[in-house]
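Chemist: final-v7.cif (mmCIF, C-alpha atoms) pasted underneath:
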```cif
data_final
loop_
_atom_site.label_atom_id
_atom_site.label_comp_id
_atom_site.auth_asym_id
_atom_site.auth_seq_id
_atom_site.Cartn_x
_atom_site.Cartn_y
_atom_site.Cartn_z
CA MET I 718 -12.23 -10.05 -46.20
CA ALA I 719 -14.72 -11.86 -43.94
CA GLY I 720 -12.24 -14.67 -43.39
CA SER I 721 -9.60 -12.17 -42.40
CA LEU I 722 -11.87 -10.57 -39.81
CA SER I 723 -12.82 -13.95 -38.41
CA ASN I 724 -9.19 -14.92 -37.94
CA THR I 725 -8.36 -11.76 -36.00
CA ALA I 726 -11.46 -11.97 -33.82
CA ALA I 727 -10.76 -15.50 -32.55
CA PRO I 728 -7.50 -14.80 -30.64
CA ILE I 729 -8.98 -11.63 -29.15
CA THR I 730 -11.91 -13.59 -27.77
CA SER I 731 -9.57 -16.28 -26.50
CA SER I 732 -7.29 -13.78 -24.76
CA LEU I 733 -10.22 -12.01 -23.10
CA ALA I 734 -11.65 -15.33 -21.94
CA LYS I 735 -8.30 -16.27 -20.35
CA LEU I 736 -8.14 -12.86 -18.68
CA GLN I 737 -11.67 -13.13 -17.31
CA ALA I 738 -10.91 -16.66 -16.03
CA LEU I 739 -8.26 -15.35 -13.61
CA ASN I 740 -9.15 -15.82 -9.93
CA GLY I 741 -6.80 -15.02 -7.07
CA LEU I 742 -4.34 -12.52 -5.63
CA PHE I 743 -1.09 -11.09 -6.94
CA ALA I 744 1.11 -8.10 -6.14
CA ILE I 745 2.17 -5.14 -8.27
CA TYR I 746 4.58 -2.27 -7.71
CA LYS I 747 2.92 1.10 -7.20
CA LYS I 748 5.21 3.95 -8.13
CA GLN I 749 5.27 7.30 -6.39
CA GLY I 750 2.77 9.83 -7.78
CA PRO I 751 -0.49 8.20 -8.88
CA THR I 752 -3.19 7.10 -6.45
CA SER I 753 -3.79 3.43 -5.80
CA ALA I 754 -7.04 3.71 -7.79
CA ASP I 755 -5.15 5.26 -10.74
CA VAL I 756 -2.63 2.41 -10.70
CA LEU I 757 -5.40 -0.19 -10.63
CA ASN I 758 -7.15 1.46 -13.58
CA THR I 759 -3.88 1.56 -15.54
CA LEU I 760 -3.39 -2.14 -14.83
CA LYS I 761 -6.91 -2.96 -16.02
CA ASP I 762 -6.54 -0.92 -19.19
CA THR I 763 -3.16 -2.51 -19.97
CA LEU I 764 -4.56 -6.03 -19.64
CA LEU I 765 -7.72 -5.27 -21.60
CA ARG I 766 -5.76 -3.72 -24.44
CA GLU I 767 -3.60 -6.86 -24.55
CA ALA I 768 -6.83 -8.89 -24.76
CA GLY I 769 -8.01 -6.77 -27.69
CA VAL I 770 -10.66 -4.67 -25.94
CA GLU I 771 -10.65 -1.25 -27.60
CA ASN I 772 -11.47 1.99 -25.78
CA SER I 773 -11.00 0.26 -22.45
CA ASN I 774 -10.79 3.42 -20.32
CA SER I 775 -11.62 2.10 -16.84
CA ARG I 776 -12.90 5.45 -15.59
CA LYS I 777 -15.57 5.81 -18.31
CA ARG I 778 -16.36 2.22 -19.23
CA LYS I 779 -19.90 1.13 -18.34
CA LYS I 780 -19.35 -2.55 -19.03
CA GLN I 781 -17.01 -4.10 -16.51
CA TRP I 782 -14.96 -6.53 -18.56
CA LEU I 783 -12.70 -7.36 -15.63
CA LYS I 784 -13.46 -7.70 -11.92
CA MET I 785 -10.48 -6.34 -10.02
CA GLY I 786 -9.70 -4.50 -6.77
CA HIS I 787 -6.80 -3.70 -4.44
CA GLY I 788 -6.30 -4.63 -0.81
CA GLY I 789 -5.19 -1.48 0.96
CA THR I 790 -4.65 2.08 -0.25
CA LEU I 791 -1.15 3.50 -0.52
CA ASP I 792 -0.83 7.29 -0.38
CA SER I 793 -0.11 8.87 -3.75
CA ALA I 794 3.30 9.97 -2.44
CA ALA I 795 4.12 6.41 -1.34
CA SER I 796 5.38 3.48 -3.38
CA GLY I 797 5.72 -0.25 -2.97
CA VAL I 798 3.62 -3.39 -2.78
CA LEU I 799 -0.05 -3.15 -3.77
CA VAL I 800 -1.95 -6.44 -3.54
CA VAL I 801 -4.54 -6.92 -6.29
CA GLY I 802 -7.48 -9.30 -6.33
CA VAL I 803 -8.92 -10.49 -9.64
CA GLY I 804 -12.15 -12.42 -10.18
CA ASN I 805 -13.15 -14.30 -7.05
CA GLY I 806 -9.87 -13.17 -5.51
CA THR I 807 -11.51 -9.81 -4.76
CA LYS I 808 -13.42 -11.58 -1.98
CA GLN I 809 -10.11 -12.23 -0.22
CA LEU I 810 -8.94 -8.61 -0.20
CA SER I 811 -10.35 -7.93 3.26
CA THR I 812 -7.61 -10.18 4.67
CA MET I 813 -5.05 -7.80 3.15
CA LEU I 814 -6.55 -4.88 5.08
CA THR I 815 -6.18 -6.60 8.45
CA GLY I 816 -2.95 -8.50 7.80
CA SER I 817 0.65 -7.61 8.53
CA LYS I 818 2.39 -4.91 6.51
CA LYS I 819 5.99 -3.71 6.44
CA TYR I 820 7.19 -0.22 5.57
CA ARG I 821 10.43 1.68 5.25
CA ALA I 822 9.88 5.35 6.05
CA VAL I 823 12.24 8.31 5.79
CA GLY I 824 11.25 11.07 8.18
CA GLU I 825 12.49 14.63 8.51
CA LEU I 826 12.79 16.36 11.88
CA GLY I 827 12.14 20.07 12.38
CA LYS I 828 9.22 20.54 9.98
CA ALA I 829 5.55 19.58 10.30
CA THR I 830 3.12 19.69 7.37
CA ASP I 831 -0.68 19.71 7.17
CA THR I 832 -0.72 16.34 5.38
CA LEU I 833 2.03 14.88 7.64
CA ASP I 834 4.14 14.15 4.54
CA ALA I 835 6.23 15.99 1.95
CA THR I 836 3.21 16.75 -0.30
CA GLY I 837 1.75 19.18 2.22
CA THR I 838 2.38 22.74 3.32
CA VAL I 839 4.81 23.36 6.17
CA ILE I 840 2.76 24.58 9.14
CA MET I 841 5.39 24.46 11.88
CA GLU I 842 9.16 24.51 12.29
CA LYS I 843 11.04 23.60 15.47
CA GLU I 844 14.58 23.01 16.62
CA PHE I 845 15.81 19.43 16.30
CA GLU I 846 19.52 19.67 17.13
CA HIS I 847 18.89 18.36 20.66
CA VAL I 848 17.57 15.02 19.36
CA THR I 849 20.08 12.16 19.54
CA ARG I 850 19.93 8.65 18.13
CA LEU I 851 19.53 7.30 21.66
CA ASP I 852 16.63 9.70 22.31
CA MET I 853 14.83 8.48 19.21
CA GLU I 854 15.42 4.79 19.95
CA GLU I 855 14.01 5.30 23.46
CA LYS I 856 10.92 7.13 22.22
CA LEU I 857 10.24 4.46 19.59
CA LYS I 858 9.49 2.03 22.44
CA MET I 859 6.40 4.12 23.20
CA PHE I 860 5.00 3.29 19.78
CA THR I 861 5.59 -0.47 19.79
CA GLY I 862 2.92 -3.04 20.65
CA ASP I 863 -0.80 -2.31 21.01
CA ILE I 864 -1.17 1.47 20.98
CA MET I 865 -3.80 4.14 20.32
CA GLN I 866 -3.37 6.29 17.23
CA VAL I 867 -5.24 9.26 15.75
CA PRO I 868 -5.52 8.93 11.93
CA PRO I 869 -4.36 11.86 9.78
CA LEU I 870 -6.94 14.42 8.64
CA TYR I 871 -5.71 13.99 5.07
CA SER I 872 -6.64 10.34 4.61
CA ALA I 873 -8.90 7.92 2.77
CA LEU I 874 -11.20 7.73 5.82
CA LYS I 875 -14.68 9.02 5.08
CA LYS I 876 -17.28 11.35 6.53
CA ASP I 877 -20.80 11.29 5.07
CA GLY I 878 -19.53 9.12 2.22
CA GLN I 879 -16.68 11.45 1.19
CA ARG I 880 -12.97 11.10 1.90
CA LEU I 881 -11.63 13.47 4.52
CA SER I 882 -8.83 14.54 2.16
CA VAL I 883 -11.38 15.51 -0.50
CA LEU I 884 -13.49 17.48 1.98
CA LEU I 885 -10.41 19.38 3.19
CA LYS I 886 -9.38 20.26 -0.36
CA LYS I 887 -12.89 21.64 -0.94
CA GLY I 888 -12.44 23.93 2.07
CA HIS I 889 -14.73 22.10 4.49
CA GLN I 890 -14.03 21.99 8.20
CA VAL I 891 -13.11 18.45 9.24
CA GLU I 892 -12.68 17.11 12.75
CA ALA I 893 -10.04 14.54 13.53
CA LYS I 894 -11.23 10.98 13.93
CA PRO I 895 -10.94 9.64 17.49
CA ALA I 896 -7.88 7.64 18.46
CA ARG I 897 -8.23 3.95 17.70
CA PRO I 898 -6.27 0.82 18.64
CA VAL I 899 -3.54 -0.32 16.24
CA THR I 900 -0.72 -2.82 16.54
CA VAL I 901 2.98 -2.30 15.83
CA TYR I 902 4.83 -5.61 15.77
CA SER I 903 8.29 -4.12 15.30
CA LEU I 904 9.78 -0.64 14.97
CA THR I 905 13.48 -0.04 14.45
CA LEU I 906 15.67 2.93 13.64
CA GLN I 907 17.84 2.04 10.64
CA GLU I 908 19.55 5.36 9.92
CA PHE I 909 19.94 8.61 11.85
CA GLN I 910 21.40 11.56 9.97
CA PRO I 911 19.58 14.64 11.32
CA PRO I 912 17.32 16.06 10.20
CA CYS I 913 16.54 12.79 8.39
CA PHE I 914 16.00 9.35 9.87
CA THR I 915 14.87 5.98 8.50
CA LEU I 916 12.47 3.58 10.20
CA ASP I 917 11.57 -0.03 9.48
CA ILE I 918 8.01 -0.76 10.59
CA GLU I 919 5.87 -3.87 10.76
CA CYS I 920 2.27 -3.18 11.71
CA GLY I 921 -1.29 -4.42 11.51
CA GLY I 922 -4.31 -3.00 9.74
CA GLY I 923 -5.48 0.60 10.17
CA PHE I 924 -2.02 1.92 11.03
CA TYR I 925 -0.77 5.22 9.57
CA VAL I 926 2.98 5.75 9.24
CA ARG I 927 2.40 9.48 8.82
CA SER I 928 0.72 9.66 12.23
CA LEU I 929 3.57 7.69 13.78
CA VAL I 930 6.24 10.08 12.46
CA ASP I 931 4.19 13.12 13.49
CA ASP I 932 3.69 11.72 17.01
CA LEU I 933 7.37 10.77 17.23
CA GLY I 934 8.43 14.32 16.40
CA LYS I 935 6.19 15.68 19.17
CA ALA I 936 7.50 13.12 21.66
CA LEU I 937 11.03 14.37 20.91
CA ALA I 938 10.04 17.99 21.69
CA SER I 939 10.28 18.84 18.01
CA CYS I 940 8.16 18.00 14.97
CA ALA I 941 8.53 15.75 11.93
CA HIS I 942 6.91 14.59 8.71
CA VAL I 943 7.29 11.66 6.30
CA LYS I 944 9.66 12.46 3.48
CA GLU I 945 9.51 9.09 1.72
CA LEU I 946 7.44 5.94 2.27
CA ILE I 947 7.79 2.47 0.75
CA ARG I 948 5.60 -0.54 1.55
CA THR I 949 7.94 -3.53 1.38
CA LYS I 950 5.49 -6.27 2.38
CA GLN I 951 1.75 -6.82 2.53
CA GLY I 952 0.47 -10.13 3.84
CA GLN I 953 2.51 -12.85 2.13
CA PHE I 954 3.62 -10.59 -0.72
CA THR I 955 7.00 -8.85 -0.65
CA LEU I 956 8.35 -6.06 -2.81
CA GLN I 957 11.48 -7.96 -3.70
CA ASP I 958 10.00 -11.35 -4.58
CA HIS I 959 6.44 -10.79 -5.78
CA ALA I 960 5.64 -7.25 -6.98
CA LEU I 961 5.24 -6.99 -10.77
CA HIS I 962 6.48 -3.71 -12.21
CA GLU I 963 4.50 -1.92 -14.94
CA GLU I 964 6.52 -3.40 -17.79
CA GLN I 965 5.61 -6.86 -16.43
CA TRP I 966 1.86 -6.29 -16.47
CA THR I 967 0.94 -9.01 -18.99
CA LEU I 968 -1.55 -11.86 -18.85
CA GLU I 969 1.27 -14.41 -18.92
CA ASN I 970 3.17 -12.82 -16.03
CA ILE I 971 0.06 -12.42 -13.89
CA ARG I 972 -1.02 -16.01 -14.49
CA GLY I 973 2.44 -17.10 -13.33
CA ALA I 974 2.33 -14.90 -10.21
CA LEU I 975 -1.27 -15.62 -9.23
CA HIS I 976 -1.93 -16.92 -5.73
CA HIS I 977 -5.12 -18.95 -6.07
CA CYS I 978 -7.60 -18.51 -3.23
CA THR I 979 -10.04 -21.02 -1.84
CA GLU I 980 -13.13 -20.30 0.22
CA GLY I 981 -11.29 -21.27 3.40
CA ASP I 982 -8.17 -19.24 2.69
CA GLN I 983 -8.56 -16.44 5.26
CA ARG I 984 -4.97 -16.16 6.54
CA THR I 985 -3.85 -12.66 7.45
CA ASP I 986 -0.19 -13.66 7.79
CA SER I 987 0.33 -11.45 10.80
CA PRO I 988 3.18 -12.30 13.18
CA LYS I 989 0.56 -13.54 15.66
CA SER I 990 -0.93 -15.97 13.11
CA SER I 991 -0.02 -19.64 12.98
CA GLN I 992 2.51 -20.46 10.30
CA THR I 993 1.19 -23.99 9.87
CA GLY I 994 0.27 -24.80 6.32
CA ALA I 995 1.71 -21.61 4.84
CA GLN I 996 1.48 -21.72 1.07
CA GLN I 997 4.52 -21.00 -1.05
CA LEU I 998 3.98 -18.23 -3.54
CA PRO I 999 5.21 -18.34 -7.14
CA GLY I 1000 8.91 -17.46 -7.18
CA GLU I 1001 9.21 -17.61 -3.40
CA LYS I 1002 12.12 -19.53 -1.92
CA ARG I 1003 11.58 -21.84 1.01
CA LYS I 1004 13.11 -20.30 4.11
CA SER I 1005 15.34 -22.27 6.43
CA SER I 1006 14.10 -22.84 9.97
CA ALA I 1007 17.48 -21.81 11.32
CA PRO I 1008 17.55 -18.46 13.16
#
```
Render the structure in this file as structure tokens.

Modeler:
Amino acid sequence: MAGSLSNTAAPITSSLAKLQALNGLFAIYKKQGPTSADVLNTLKDTLLREAGVENSNSRKRKKQWLKMGHGGTLDSAASGVLVVGVGNGTKQLSTMLTGSKKYRAVGELGKATDTLDATGTVIMEKEFEHVTRLDMEEKLKMFTGDIMQVPPLYSALKKDGQRLSVLLKKGHQVEAKPARPVTVYSLTLQEFQPPCFTLDIECGGGFYVRSLVDDLGKALASCAHVKELIRTKQGQFTLQDHALHEEQWTLENIRGALHHCTEGDQRTDSPKSSQTGAQQLPGEKRKSSAP
């Protein structure tokens, strides 16, 4: 009996040691619905169960078996790339917050909501039939480059240590944060089928797509909200080439996808950054220099 127990304990210890030895960054796919924190906890629990750690509920566990964090919150209604840092890789997550991100957003004209997306309550309806594709393309120029933007009230920003969204849900009065500088590197209209439209956006840190769509609706003498939002790129990680889906969350797959960080690795991979010495990620194809 003792020999049997010893044999089963050894691989569990070995698997946990390999898991705890991971250091670096990798990307996962966040599905629509759960919060970014929920997804991270699910990832932790999945990996710890694989390593043989029983009762590994991340929300209640006092002992932190695994050091892990994410580099930039996605709204619960949004999906796409979520960059995860593990081990010493968590120290590099701040570069993900300031680096370049790409989104594909589907907006809907004619309706504004309190959350600025489809999860909220409709608080205003306006005519939108006068808006043309040309009108929208012209107005988008106003929101390209270095601009000032007011963050949404329903957001992860905090007041007195609590998220604004949480305070609002508790019935507290919350004032809007002041406008702040953000950068939009590119903004293009991909589809226009009123009342819906699709935007491709590349932006820097601190930018809110929900605020953009709300401001765009106002600029068009109407109103609008985000119907669907997908983050397609964060830093060097793309949805197509790097994001591991939930069924791929295994130690072996993460070890293969891991981007190892060094102390001097502080690249933000924004369009303004130098591309010299860019590191190829696992599974990433070298791109031709041809236009």

Chemist: Emit as lines of an AutoDock Vina configuration file the padded axis-aligned box for all listed atoms of range 782-786 of chain I, 8 Å per side, with centre and edge lengths in Å to one decimal.

Modeler:
```
center_x = -12.3
center_y = -6.1
center_z = -12.7
size_x = 21.3
size_y = 19.2
size_z = 27.8
```

Chemist: Please provide as an NGL selection string all residues within 9 Å of range 915-932 of chain I, with the sequence filter that same-chain residues fewer than 6 positions apart are discarded (counting only C-alpha atoms).

Modeler: :I and (789 or 813-825 or 829 or 832-834 or 860 or 862 or 866-869 or 897-909 or 940-943 or 946 or 950 or 987)

Chemist: Provide the CA of Leu975 in chain I to CA of Gly750 in chain I distance in Å, to one decimal place.

Modeler: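 Computed distance, CA of Leu975 in chain I to CA of Gly750 in chain I, equals 25.8 Å.
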
Chemist: May I ask which of the residues I:Gln737, I:Thr752, I:Asn758, I:Ser732 is the closest one to Asn805 in chain I, counting only C-alpha atoms?

Modeler: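 Checking each of I:Gln737, I:Thr752, I:Asn758, I:Ser732 against Asn805 in chain I, counting only C-alpha atoms, the winner is I:Gln737.
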
Chemist: To one decimal place, how far is CA of Lys856 in chain I from CA of Ser793 in chain I in Å?

Modeler: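 Value for the CA of Lys856 in chain I-CA of Ser793 in chain I distance: 28.3 Å.
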